[in-house]
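Source file: my_file-v6.txt; contents: compact mmCIF, C-alpha atoms.
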# COMPACT_ATOMS: atom_id res chain seq x y z
CA MET C 223 -15.37 9.24 7.67
CA PHE C 224 -14.08 12.75 8.22
CA ASP C 225 -15.39 16.29 8.57
CA ASN C 226 -15.47 18.07 5.21
CA SER C 227 -16.68 21.46 6.45
CA MET C 228 -13.42 22.96 5.08
CA ILE C 229 -12.88 25.62 7.76
CA PRO C 230 -13.11 24.17 11.32
CA ASN C 231 -15.88 25.68 13.44
CA GLU C 232 -13.52 27.50 15.80
CA LEU C 233 -11.82 29.21 12.87
CA LEU C 234 -15.19 30.11 11.34
CA THR C 235 -16.13 31.84 14.57
CA TYR C 236 -12.73 33.55 14.71
CA PHE C 237 -12.88 34.91 11.16
CA GLU C 238 -16.49 36.01 11.56
CA SER C 239 -15.55 37.83 14.78
CA LYS C 240 -13.00 39.75 12.72
CA GLY C 241 -15.76 40.86 10.33
CA TYR C 242 -14.96 38.56 7.40
CA ASN C 243 -17.78 37.03 5.37
CA VAL C 244 -17.80 33.24 5.31
CA ASP C 245 -19.30 31.76 2.16
CA ARG C 246 -21.24 28.55 2.77
CA ASN C 247 -22.00 26.43 -0.27
CA ASN C 248 -22.83 22.72 -0.63
CA GLY C 249 -21.79 21.93 2.91
CA THR C 250 -18.43 23.70 2.65
CA ALA C 251 -17.34 26.99 4.15
CA VAL C 252 -14.68 29.26 2.66
CA ILE C 253 -13.75 32.93 2.66
CA LYS C 254 -13.70 34.24 -0.90
CA SER C 255 -11.77 37.37 0.03
CA PHE C 256 -10.44 39.07 3.14
CA SER C 257 -9.83 42.41 1.41
CA LYS C 258 -9.72 43.56 -2.21
CA PRO C 259 -8.58 40.59 -4.34
CA GLU C 260 -6.18 43.00 -6.09
CA ASP C 261 -4.47 43.70 -2.73
CA GLU C 262 -4.25 39.99 -1.92
CA ILE C 263 -2.75 39.21 -5.35
CA PHE C 264 -0.23 42.03 -4.87
CA SER C 265 0.95 40.39 -1.65
CA LEU C 266 1.34 36.99 -3.32
CA TYR C 267 3.43 38.49 -6.13
CA ASN C 268 5.33 41.17 -4.22
CA GLY C 269 4.97 40.69 -0.48
CA VAL C 270 3.74 37.89 1.77
CA GLY C 271 0.34 36.21 1.92
CA LEU C 272 -1.12 34.08 4.71
CA ARG C 273 -3.56 31.38 3.62
CA HIS C 274 -5.36 28.89 5.82
CA MET C 275 -5.04 25.57 3.96
CA HIS C 276 -8.62 24.56 4.66
CA SER C 277 -8.69 22.02 1.83
CA ALA C 278 -5.62 20.13 3.04
CA SER C 279 -5.92 16.45 3.93
CA ILE C 280 -3.81 15.46 6.95
CA ILE C 281 -3.16 11.74 7.47
CA GLU C 282 -0.91 10.24 10.16
CA LEU C 283 1.00 6.99 9.61
CA ARG C 284 2.53 5.10 12.54
CA GLY C 285 4.53 1.89 12.59
CA GLN C 286 8.13 1.00 11.83
CA ASP C 287 7.34 0.05 8.21
CA SER C 288 5.60 3.33 7.28
CA ALA C 289 8.40 4.97 5.25
CA ASP C 290 9.33 1.70 3.53
CA PHE C 291 5.67 1.06 2.71
CA LEU C 292 5.24 4.49 1.09
CA HIS C 293 8.52 4.00 -0.76
CA ARG C 294 7.13 0.81 -2.29
CA ILE C 295 3.72 2.10 -3.39
CA THR C 296 4.35 5.75 -4.38
CA THR C 297 6.46 7.39 -7.07
CA ASN C 298 9.27 9.03 -5.09
CA GLY C 299 12.09 7.55 -3.01
CA LEU C 300 11.39 7.73 0.72
CA LYS C 301 13.75 5.16 2.29
CA ASP C 302 16.37 7.82 2.97
CA LEU C 303 13.89 10.38 4.38
CA THR C 304 15.38 11.41 7.72
CA LYS C 305 13.88 13.04 10.79
CA GLU C 306 12.39 16.49 10.11
CA GLN C 307 12.72 16.15 6.33
CA ILE C 308 9.88 16.73 3.83
CA ARG C 309 9.44 15.08 0.43
CA LYS C 310 6.63 15.11 -2.13
CA THR C 311 5.42 11.89 -3.70
CA ILE C 312 2.45 10.70 -5.74
CA PHE C 313 -0.04 7.90 -5.18
CA THR C 314 -0.82 6.42 -8.61
CA THR C 315 -3.15 3.68 -9.84
CA GLU C 316 -2.03 0.56 -11.70
CA LYS C 317 -2.60 2.57 -14.90
CA GLY C 318 -0.33 5.37 -13.69
CA ARG C 319 -3.19 7.80 -13.04
CA ILE C 320 -2.95 10.19 -10.08
CA ILE C 321 -4.77 9.44 -6.83
CA ASP C 322 -3.15 12.34 -4.95
CA VAL C 323 0.07 14.30 -4.59
CA VAL C 324 1.20 14.38 -0.94
CA SER C 325 3.96 16.00 1.09
CA VAL C 326 5.47 13.54 3.58
CA LEU C 327 6.79 15.00 6.85
CA ASN C 328 9.02 12.68 8.90
CA PHE C 329 8.49 13.08 12.67
CA GLU C 330 10.62 9.95 13.29
CA SER C 331 7.97 8.32 15.50
CA HIS C 332 5.38 8.83 12.76
CA LEU C 333 4.78 10.39 9.34
CA ILE C 334 2.33 13.12 8.41
CA LEU C 335 0.92 13.10 4.86
CA VAL C 336 -0.45 16.41 3.58
CA GLY C 337 -2.57 16.08 0.45
CA ASP C 338 -5.95 17.34 -0.69
CA LEU C 339 -9.21 16.83 1.18
CA SER C 340 -11.09 15.86 -1.98
CA ASN C 341 -8.78 12.86 -2.44
CA LYS C 342 -8.55 11.83 1.20
CA ILE C 343 -10.93 8.86 1.19
CA LYS C 344 -9.22 7.50 -1.94
CA VAL C 345 -5.76 7.74 -0.36
CA MET C 346 -6.81 6.14 2.92
CA SER C 347 -8.62 3.36 1.06
CA TRP C 348 -5.55 2.83 -1.16
CA ILE C 349 -3.28 2.54 1.89
CA ASN C 350 -5.67 0.05 3.51
CA ARG C 351 -5.74 -1.98 0.31
CA TYR C 352 -1.97 -2.52 0.25
CA VAL C 353 -1.15 -2.83 3.96
CA ILE C 354 -1.00 -6.59 4.44
CA SER C 355 1.60 -7.69 6.95
CA ASP C 356 3.31 -4.28 7.22
CA ASP C 357 3.53 -2.50 10.57
CA VAL C 358 1.58 0.53 9.33
CA LYS C 359 -1.40 2.15 11.04
CA GLN C 360 -3.10 5.21 9.60
CA SER C 361 -5.42 7.74 11.17
CA ASP C 362 -7.26 10.87 10.12
CA ALA C 363 -5.47 13.87 11.69
CA ASN C 364 -7.53 16.74 10.26
CA HIS C 365 -9.41 17.15 13.52
CA ARG C 366 -6.11 17.73 15.37
CA PHE C 367 -4.18 20.13 13.13
CA ASN C 368 -4.43 23.23 10.99
CA ILE C 369 -1.93 24.40 8.38
CA LEU C 370 -1.20 28.07 7.75
CA GLU C 371 0.78 28.81 4.57
CA PHE C 372 3.02 31.88 4.24
CA SER C 373 4.13 32.56 0.66
CA GLY C 374 5.48 35.33 -1.54
CA PRO C 375 8.84 37.04 -2.12
CA GLN C 376 8.84 38.49 1.42
CA ALA C 377 7.86 35.25 3.16
CA ASP C 378 11.41 34.37 4.31
CA SER C 379 12.02 37.80 5.84
CA PHE C 380 8.54 37.88 7.34
CA MET C 381 8.93 34.52 9.09
CA THR C 382 12.28 35.68 10.50
CA TRP C 383 10.48 38.81 11.75
CA VAL C 384 7.78 36.67 13.43
CA CYS C 385 9.84 33.70 14.65
CA GLY C 386 13.39 35.01 14.98
CA SER C 387 16.75 33.97 13.55
CA ALA C 388 16.01 30.25 14.10
CA VAL C 389 14.16 30.32 10.76
CA SER C 390 17.48 30.55 8.89
CA ASP C 391 18.61 27.30 10.58
CA ILE C 392 15.81 25.31 8.92
CA PRO C 393 17.03 23.71 5.67
CA VAL C 394 14.72 23.82 2.67
CA ASP C 395 12.36 20.80 2.64
CA SER C 396 12.65 20.45 6.41
CA PHE C 397 10.76 21.51 9.53
CA LYS C 398 11.49 22.42 13.15
CA VAL C 399 9.43 23.00 16.27
CA MET C 400 8.94 26.68 17.10
CA ASN C 401 8.04 28.44 20.34
CA VAL C 402 6.87 32.01 19.76
CA GLU C 403 5.60 33.77 22.87
CA GLY C 404 4.57 30.38 24.28
CA ILE C 405 2.80 29.38 21.05
CA LEU C 406 4.08 25.98 19.93
CA PHE C 407 3.95 24.87 16.29
CA PHE C 408 5.99 23.12 13.61
CA LEU C 409 7.43 25.39 10.92
CA ALA C 410 8.16 23.78 7.54
CA LYS C 411 10.33 25.50 4.92
CA MET C 412 9.95 24.65 1.22
CA LYS C 413 10.23 26.38 -2.15
CA ASP C 414 7.30 27.41 -4.28
CA GLU C 415 6.94 27.09 -8.04
CA ARG C 416 8.75 30.43 -8.58
CA GLY C 417 11.75 29.48 -6.44
CA PHE C 418 10.79 31.61 -3.43
CA LYS C 419 10.82 30.11 0.05
CA LYS C 420 7.40 29.33 1.46
CA PHE C 421 6.40 28.12 4.92
CA TRP C 422 3.77 25.95 6.54
CA ALA C 423 2.91 26.46 10.20
CA LEU C 424 1.46 23.13 11.39
CA THR C 425 -0.45 23.90 14.56
CA ASP C 426 -2.72 21.95 16.84
CA ASN C 427 -6.18 23.39 17.37
CA SER C 428 -5.33 24.93 20.72
CA HIS C 429 -2.60 27.12 19.22
CA THR C 430 -3.97 28.09 15.78
CA ILE C 431 -5.98 31.15 16.80
CA ARG C 432 -3.25 32.35 19.17
CA LEU C 433 -0.73 32.14 16.31
CA LEU C 434 -3.10 33.93 13.92
CA ASN C 435 -3.62 36.74 16.43
CA TYR C 436 0.11 37.08 17.03
CA VAL C 437 0.88 37.24 13.31
CA LEU C 438 -1.88 39.77 12.59
CA GLU C 439 -0.59 41.97 15.43
CA ASN C 440 2.99 41.80 14.12
CA THR C 441 2.83 42.34 10.36
CA GLY C 442 5.56 44.98 10.59
CA PRO C 443 6.74 46.79 7.43
CA PHE C 444 5.73 43.98 5.07
CA ASP C 445 3.21 43.94 2.21
CA PHE C 446 1.07 41.44 4.11
CA SER C 447 -2.41 40.14 3.32
CA LEU C 448 -4.67 37.33 4.36
CA ILE C 449 -5.45 35.34 1.21
CA GLY C 450 -8.96 34.29 0.25
CA GLU C 451 -10.13 31.72 -2.29
CA GLU C 452 -10.64 34.13 -5.18
CA ALA C 453 -7.13 35.57 -5.10
CA TYR C 454 -5.41 32.23 -4.47
CA ASN C 455 -7.28 30.44 -7.26
CA SER C 456 -6.41 33.26 -9.65
CA PHE C 457 -2.75 33.10 -8.57
CA ARG C 458 -2.45 29.32 -8.94
CA ILE C 459 -3.97 29.35 -12.44
CA GLU C 460 -1.76 32.28 -13.48
CA GLN C 461 1.24 30.27 -12.27
CA GLY C 462 0.04 26.99 -13.83
CA ILE C 463 -0.14 25.12 -10.52
CA PRO C 464 -2.22 21.91 -10.80
CA ALA C 465 -4.64 21.33 -7.94
CA ALA C 466 -7.25 18.82 -6.84
CA PRO C 467 -9.89 18.04 -7.87
CA ASN C 468 -9.48 19.96 -11.16
CA GLU C 469 -6.11 18.61 -12.34
CA ILE C 470 -4.83 16.31 -9.60
CA CYS C 471 -7.21 13.41 -10.14
CA ASP C 472 -7.39 9.99 -11.79
CA LEU C 473 -8.03 11.45 -15.25
CA PHE C 474 -4.35 12.31 -15.66
CA ASN C 475 -0.87 10.92 -15.02
CA PRO C 476 2.13 12.80 -13.56
CA HIS C 477 3.85 13.30 -16.93
CA GLU C 478 0.77 15.05 -18.30
CA LEU C 479 0.73 17.49 -15.36
CA ASN C 480 4.47 18.26 -15.55
CA LEU C 481 5.10 16.40 -12.27
CA SER C 482 7.80 14.04 -13.54
CA GLU C 483 10.30 15.42 -10.98
CA LEU C 484 8.29 13.60 -8.29
CA ILE C 485 9.10 10.24 -9.90
CA ASP C 486 12.30 8.52 -8.75
CA THR C 487 13.28 6.50 -11.82
CA LYS C 488 16.11 4.72 -9.96
CA LYS C 489 14.23 3.24 -7.01
CA GLY C 490 12.51 0.38 -8.78
CA CYS C 491 8.91 -0.75 -8.56
CA TYR C 492 5.91 1.17 -7.31
CA ILE C 493 2.25 0.94 -8.25
CA GLY C 494 1.89 2.23 -11.82
CA GLN C 495 5.66 2.18 -12.45
CA GLU C 496 5.60 0.07 -15.61
CA VAL C 497 3.03 2.28 -17.33
CA LEU C 498 4.75 5.56 -16.41
CA ALA C 499 8.21 4.28 -17.35
CA ARG C 500 6.93 3.10 -20.73
CA LEU C 501 5.26 6.46 -21.41
CA GLU C 502 8.49 8.32 -20.75
CA THR C 503 10.92 5.89 -22.37
CA TYR C 504 9.01 5.68 -25.64
CA ASP C 505 7.81 9.30 -25.67
CA LYS C 506 4.18 8.19 -25.44
CA VAL C 507 2.90 11.11 -23.37
CA GLN C 508 0.14 12.43 -25.60
CA LYS C 509 -1.16 15.39 -23.56
CA LYS C 510 0.32 18.18 -21.44
CA LEU C 511 -0.95 20.78 -18.98
CA THR C 512 -0.95 24.24 -20.54
CA GLY C 513 -2.61 27.62 -20.23
CA LEU C 514 -5.61 28.93 -22.14
CA THR C 515 -6.58 32.53 -22.82
CA PHE C 516 -10.33 32.88 -23.43
CA GLU C 517 -12.09 35.25 -25.80
CA SER C 518 -14.81 35.67 -23.16
CA SER C 519 -15.91 34.19 -19.84
CA VAL C 520 -17.31 30.66 -19.67
CA GLU C 521 -18.86 28.35 -17.11
CA LEU C 522 -17.28 24.91 -16.85
CA ASN C 523 -19.44 21.84 -16.32
CA ASN C 524 -19.44 18.14 -17.17
CA GLU C 525 -20.57 18.93 -20.73
CA THR C 526 -17.72 21.35 -21.48
CA GLN C 527 -15.60 20.30 -24.48
CA LEU C 528 -12.32 21.55 -25.93
CA VAL C 529 -12.26 21.13 -29.71
CA ASP C 530 -10.35 22.29 -32.78
CA SER C 531 -11.73 24.10 -35.84
CA GLU C 532 -12.97 20.77 -37.25
CA ASN C 533 -14.80 19.97 -34.00
CA GLN C 534 -12.32 17.23 -33.06
CA SER C 535 -11.51 16.73 -29.38
CA ALA C 536 -8.32 18.60 -28.40
CA GLY C 537 -8.17 17.79 -24.67
CA PHE C 538 -9.81 18.80 -21.39
CA VAL C 539 -10.39 22.23 -19.83
CA THR C 540 -9.71 21.80 -16.10
CA SER C 541 -9.78 25.29 -14.51
CA PHE C 542 -11.11 28.76 -15.34
CA ILE C 543 -10.87 32.17 -13.67
CA ASN C 544 -11.28 35.82 -14.54
CA SER C 545 -7.68 36.65 -13.65
CA VAL C 546 -7.33 39.29 -10.94
CA LYS C 547 -3.84 40.26 -12.12
CA LEU C 548 -4.20 39.96 -15.89
CA LYS C 549 -7.74 41.35 -16.09
CA LYS C 550 -8.84 38.72 -18.58
CA PRO C 551 -10.36 35.21 -18.56
CA ILE C 552 -7.75 32.45 -18.42
CA GLY C 553 -7.66 28.77 -17.57
CA LEU C 554 -5.74 25.53 -17.48
CA ALA C 555 -6.22 22.57 -19.78
CA VAL C 556 -4.62 19.22 -20.50
CA VAL C 557 -4.19 19.44 -24.28
CA LYS C 558 -3.10 16.99 -26.95
CA LYS C 559 0.53 17.50 -27.99
CA ASN C 560 -0.16 18.41 -31.62
CA TYR C 561 -1.99 21.56 -30.46
CA LEU C 562 0.70 22.70 -28.01
CA ASN C 563 1.91 25.85 -29.70
CA GLU C 564 0.81 29.43 -29.26
CA GLU C 565 -0.44 29.61 -32.82
CA SER C 566 -3.16 27.05 -32.10
CA THR C 567 -6.71 28.31 -31.88
CA LEU C 568 -9.18 26.04 -30.16
CA PHE C 569 -12.76 26.37 -28.98
CA VAL C 570 -14.59 25.68 -25.73
CA VAL C 571 -18.03 24.30 -26.48
CA ASN C 572 -20.72 24.38 -23.84
CA GLY C 573 -24.16 23.44 -25.12
CA ASN C 574 -24.95 25.96 -27.84
CA SER C 575 -22.16 28.37 -26.91
CA LYS C 576 -18.72 28.31 -28.54
CA THR C 577 -15.83 30.39 -27.18
CA GLU C 578 -12.48 30.82 -28.90
CA VAL C 579 -9.39 30.10 -26.78
CA ARG C 580 -5.67 30.45 -27.42
CA ILE C 581 -2.90 28.17 -26.14
CA THR C 582 -0.72 30.16 -23.71
CA SER C 583 2.54 29.00 -22.14
CA LEU C 584 2.83 28.76 -18.35
CA PRO C 585 3.17 30.73 -16.20
CA PHE C 586 0.98 33.43 -17.72
CA LYS C 587 2.73 36.72 -18.42
CA LYS C 588 1.10 40.12 -18.49
As structure tokens - that is how I would like this structure written.
Amino acid sequence: MFDNSMIPNELLTYFESKGYNVDRNNGTAVIKSFSKPEDEIFSLYNGVGLRHMHSASIIELRGQDSADFLHRITTNGLKDLTKEQIRKTIFTTEKGRIIDVVSVLNFESHLILVGDLSNKIKVMSWINRYVISDDVKQSDANHRFNILEFSGPQADSFMTWVCGSAVSDIPVDSFKVMNVEGILFFLAKMKDERGFKKFWALTDNSHTIRLLNYVLENTGPFDFSLIGEEAYNSFRIEQGIPAAPNEICDLFNPHELNLSELIDTKKGCYIGQEVLARLETYDKVQKKLTGLTFESSVELNNETQLVDSENQSAGFVTSFINSVKLKKPIGLAVVKKNYLNEESTLFVVNGNSKTEVRITSLPFKK
């Protein structure tokens, strides 16, 4: 088993010492906002935001067969993954449904898998199920590491400001070890959904707070903000980014969530390959992730339904937020293809309430 307290205790103490309110709910602890959500959203869209990835799952794989094993059971090609490279791949069931989307970091002596905490037990159980004679040993690494994410249009310049010119030497989808004022961490460079460079600082527990302090003392001329849950969730829905457990779960397959680029169609078999190949080859994908604009606010629960004017099921509402940027209620849904045009009017039914919604293309535009 693993600790699912979301924010580690030492970080809770650190954030509380800085005067931030930690929200504790159902055994989890998060910070809804560090400042005004409008200021945090501004940094994500125009500057640089720093988010502690408290809901990240971190799994370590050791053994000489680890990369080959993942290559065989997940959707993307990993045999050619070299030292210090990063590649996303998807664990899928025999029916092609998503177990989790993970980023694989190759440390040569071992691999680190970064996914979502809500899917962690499923992924570790899935790995155990298929390791037979392979030299693969997995372990839970959440208790050893934290991940700080830096994103936004100014993220590249900001990380150069903090870490120096060595940042420009890191290729996209790669990572390097950094030493900043004696603070050691791994810095990973990737691209976000908008094409901007984003960074993960993978730190061990002994260096996380030192790195946070250093960054907060050296924000320079940048539009910098710490990012809380409210602003980030609004941002990800506005941008149409699927996340666990709402979208990335075993209700949907990668084609439905617009994740087909994480499937290597040339590498041959993997678990769920036949189903996913057949869906794509014969154009059998019946639903797609899209945006919804709501007439008024709603509360999602297990009884929530998405229907058409004749009360026929039209798909599944997966996420909802009162958008910080757009100043209106929006959401994400996996909707049947015949409704996927902006002229479609659908309804969210919740008990006796019925709210009109409009199909909206992603990402949302003001």
Worksheet entry | 12 Å contact set for Ser257 in chain C, only C-alpha atoms, chain neighbours under 3 positions out, as number ranges by chain | C: 241-243, 253-254, 260-265, 271, 446-453
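CA of Asn268 in chain C to CA of Asp414 in chain C spans 13.9 Å [interatomic distance, one decimal].
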Worksheet item: Can you tell me how far CA of Val571 in chain C sits from CA of Leu481 in chain C, in Å to one decimal?
Response: 28.3 Å
Worksheet entry | Pick from C:Phe457, C:Phe421, C:Tyr236, C:Phe569 nearest to Glu532 in chain C, counting all atoms listed in the file |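 Selected residue with least distance to Glu532 in chain C: C:Phe569.
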Discussion item. Using Å and a single decimal, report how far CA of Cys471 in chain C sits from CA of Val579 in chain C.
Written reply: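 Taking CA of Val579 in chain C as the start and CA of Cys471 in chain C as the end point, the length is 23.7 Å.
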Worksheet item: Given the choices C:Leu272, C:Leu554, C:Leu528, C:Leu562, which gets closest to Glu578 in chain C if the distance is worked out from all atoms listed in the file?
Response: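 Answer, going by the shortest atom-to-atom distance: C:Leu528.
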Item to complete: Compare C:Lys576, C:Lys587, C:His332, C:Arg273 by their minimum atom-to-atom distance to Thr526 in chain C, counting only C-alpha atoms, and give me the closest one.
Response: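 Under the stated criterion, the closest residue is C:Lys576.
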Discussion item. So that I can check the surroundings of range 399-405 of chain C, please list as a list of chain:residue names every protein, DNA and RNA residue that reaches within 8 Å of it, counting only C-alpha atoms and ignoring chain neighbours fewer than 6 positions away.
Written reply: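 Non-adjacent residues within range: C:Val384, C:Cys385, C:His429, C:Arg432, C:Leu433.
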With C-alpha atoms kept, could you save the residues just selected as a PDB file, in the frame of the given file?
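The result, stored in again34.pdb:
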ATOM      1  CA  VAL C 384       7.780  36.670  13.430  1.00  0.00           C
ATOM      2  CA  CYS C 385       9.840  33.700  14.650  1.00  0.00           C
ATOM      3  CA  HIS C 429      -2.600  27.120  19.220  1.00  0.00           C
ATOM      4  CA  ARG C 432      -3.250  32.350  19.170  1.00  0.00           C
ATOM      5  CA  LEU C 433      -0.730  32.140  16.310  1.00  0.00           C
TER       6      LEU C 433
END
Worksheet entry | Best match for closeness to Asp362 in chain C among C:Asn328, C:Asn574, C:Ser279, C:Thr297, counting all atoms listed in the file | C:Ser279
Practice prompt. List the neighbours of range 311-325 of chain C out to 9 Å using all atoms listed in the file; skip same-chain residues closer than 4 positions along the sequence, and give me the result as a PyMOL selection string.
Written response: chain C and resi 279+292-293+295-300+334-338+341-342+344-345+348+466+470-476+484-485+492-498
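Minimum atom-to-atom distances from C:Ile552, C:Ala289, C:Ile343, C:Ala410 to Val358 in chain C were compared using all atoms listed in the file, and the lowest value belongs to C:Ala289.
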Practice prompt. Could you give me, as an MDAnalysis selection string, the residues that sit within 8 Å of (-5.2, 13.4, -20.6) in the file's coordinates, counting all atoms listed in the file?
Written response: chainID C and resid 473:475 478 508:510 537:538 556:558
Worksheet item: Given the choices C:His276, C:Lys359, C:Lys411, C:Arg366, which gets closest to Asp426 in chain C if the distance is worked out from only C-alpha atoms?
Response: C:Arg366
Discussion item. So that I can check the surroundings of Asn563 in chain C, please list as a count of residues only every protein, DNA and RNA residue that reaches within 9 Å of it, counting only C-alpha atoms and ignoring chain neighbours fewer than 5 positions away.
Written reply: 3
Provide an axis-aligned box for all listed atoms of range 565-572 of chain C, padding each side by 5 Å; report its centre and its edge lengths in Å to one decimal, as lines of an AutoDock Vina configuration file.
center_x = -10.6
center_y = 27.0
center_z = -28.3
size_x = 30.3
size_y = 15.3
size_z = 19.0
Worksheet item: Within 12 Å of Phe237 in chain C, counting all atoms listed in the file, which residues qualify if same-chain residues fewer than 2 places away don't, as a ChimeraX atom specification?
Response: /C:229-235,239-245,251-253,255-256,274,431,434-435,448,450
Can you spit out the residues from that selection as a CSV table (one decimal), in the coordinates of the input, using C-alpha atoms?
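Output (out_29.csv):
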chain,number,residue,atom,x,y,z
C,229,ILE,CA,-12.9,25.6,7.8
C,230,PRO,CA,-13.1,24.2,11.3
C,231,ASN,CA,-15.9,25.7,13.4
C,232,GLU,CA,-13.5,27.5,15.8
C,233,LEU,CA,-11.8,29.2,12.9
C,234,LEU,CA,-15.2,30.1,11.3
C,235,THR,CA,-16.1,31.8,14.6
C,239,SER,CA,-15.6,37.8,14.8
C,240,LYS,CA,-13.0,39.8,12.7
C,241,GLY,CA,-15.8,40.9,10.3
C,242,TYR,CA,-15.0,38.6,7.4
C,243,ASN,CA,-17.8,37.0,5.4
C,244,VAL,CA,-17.8,33.2,5.3
C,245,ASP,CA,-19.3,31.8,2.2
C,251,ALA,CA,-17.3,27.0,4.2
C,252,VAL,CA,-14.7,29.3,2.7
C,253,ILE,CA,-13.8,32.9,2.7
C,255,SER,CA,-11.8,37.4,0.0
C,256,PHE,CA,-10.4,39.1,3.1
C,274,HIS,CA,-5.4,28.9,5.8
C,431,ILE,CA,-6.0,31.2,16.8
C,434,LEU,CA,-3.1,33.9,13.9
C,435,ASN,CA,-3.6,36.7,16.4
C,448,LEU,CA,-4.7,37.3,4.4
C,450,GLY,CA,-9.0,34.3,0.2
I need range 522-527 of chain C written out with all heavy atoms, as a tab-separated table (two decimals), in the first residue's frame; please produce it.
chain	number	residue	atom	x	y	z
C	522	LEU	N	-21.76	17.45	-10.35
C	522	LEU	CA	-21.68	16.13	-10.96
C	522	LEU	C	-21.70	15.06	-9.89
C	522	LEU	O	-21.08	15.20	-8.83
C	522	LEU	CB	-20.39	16.01	-11.79
C	522	LEU	CG	-20.18	17.01	-12.93
C	522	LEU	CD1	-18.92	16.64	-13.71
C	522	LEU	CD2	-21.39	17.05	-13.86
C	523	ASN	N	-22.42	13.98	-10.16
C	523	ASN	CA	-22.38	12.80	-9.29
C	523	ASN	C	-22.64	11.57	-10.14
C	523	ASN	O	-22.72	11.65	-11.37
C	523	ASN	CB	-23.40	12.93	-8.15
C	523	ASN	CG	-24.81	13.15	-8.67
C	523	ASN	OD1	-25.28	12.45	-9.58
C	523	ASN	ND2	-25.51	14.14	-8.10
C	524	ASN	N	-22.73	10.43	-9.50
C	524	ASN	CA	-22.90	9.17	-10.23
C	524	ASN	C	-24.21	9.09	-11.00
C	524	ASN	O	-24.37	8.27	-11.90
C	524	ASN	CB	-22.80	7.98	-9.27
C	524	ASN	CG	-21.40	7.82	-8.70
C	524	ASN	OD1	-20.43	8.25	-9.31
C	524	ASN	ND2	-21.30	7.21	-7.52
C	525	GLU	N	-25.18	9.95	-10.64
C	525	GLU	CA	-26.48	9.93	-11.32
C	525	GLU	C	-26.55	10.90	-12.50
C	525	GLU	O	-27.54	10.93	-13.23
C	525	GLU	CB	-27.58	10.28	-10.31
C	525	GLU	CG	-27.58	9.42	-9.05
C	525	GLU	CD	-27.75	7.94	-9.36
C	525	GLU	OE1	-28.57	7.61	-10.23
C	525	GLU	OE2	-27.04	7.13	-8.73
C	526	THR	N	-25.50	11.71	-12.69
C	526	THR	CA	-25.53	12.71	-13.75
C	526	THR	C	-25.60	12.05	-15.13
C	526	THR	O	-24.85	11.11	-15.42
C	526	THR	CB	-24.28	13.60	-13.68
C	526	THR	OG1	-24.22	14.22	-12.40
C	526	THR	CG2	-24.32	14.68	-14.76
C	527	GLN	N	-26.51	12.56	-15.97
C	527	GLN	CA	-26.66	12.02	-17.33
C	527	GLN	C	-26.55	13.15	-18.36
C	527	GLN	O	-26.95	14.28	-18.09
C	527	GLN	CB	-28.03	11.35	-17.50
C	527	GLN	CG	-28.27	10.17	-16.57
C	527	GLN	CD	-29.65	9.59	-16.79
C	527	GLN	OE1	-29.99	9.13	-17.88
C	527	GLN	NE2	-30.48	9.65	-15.76
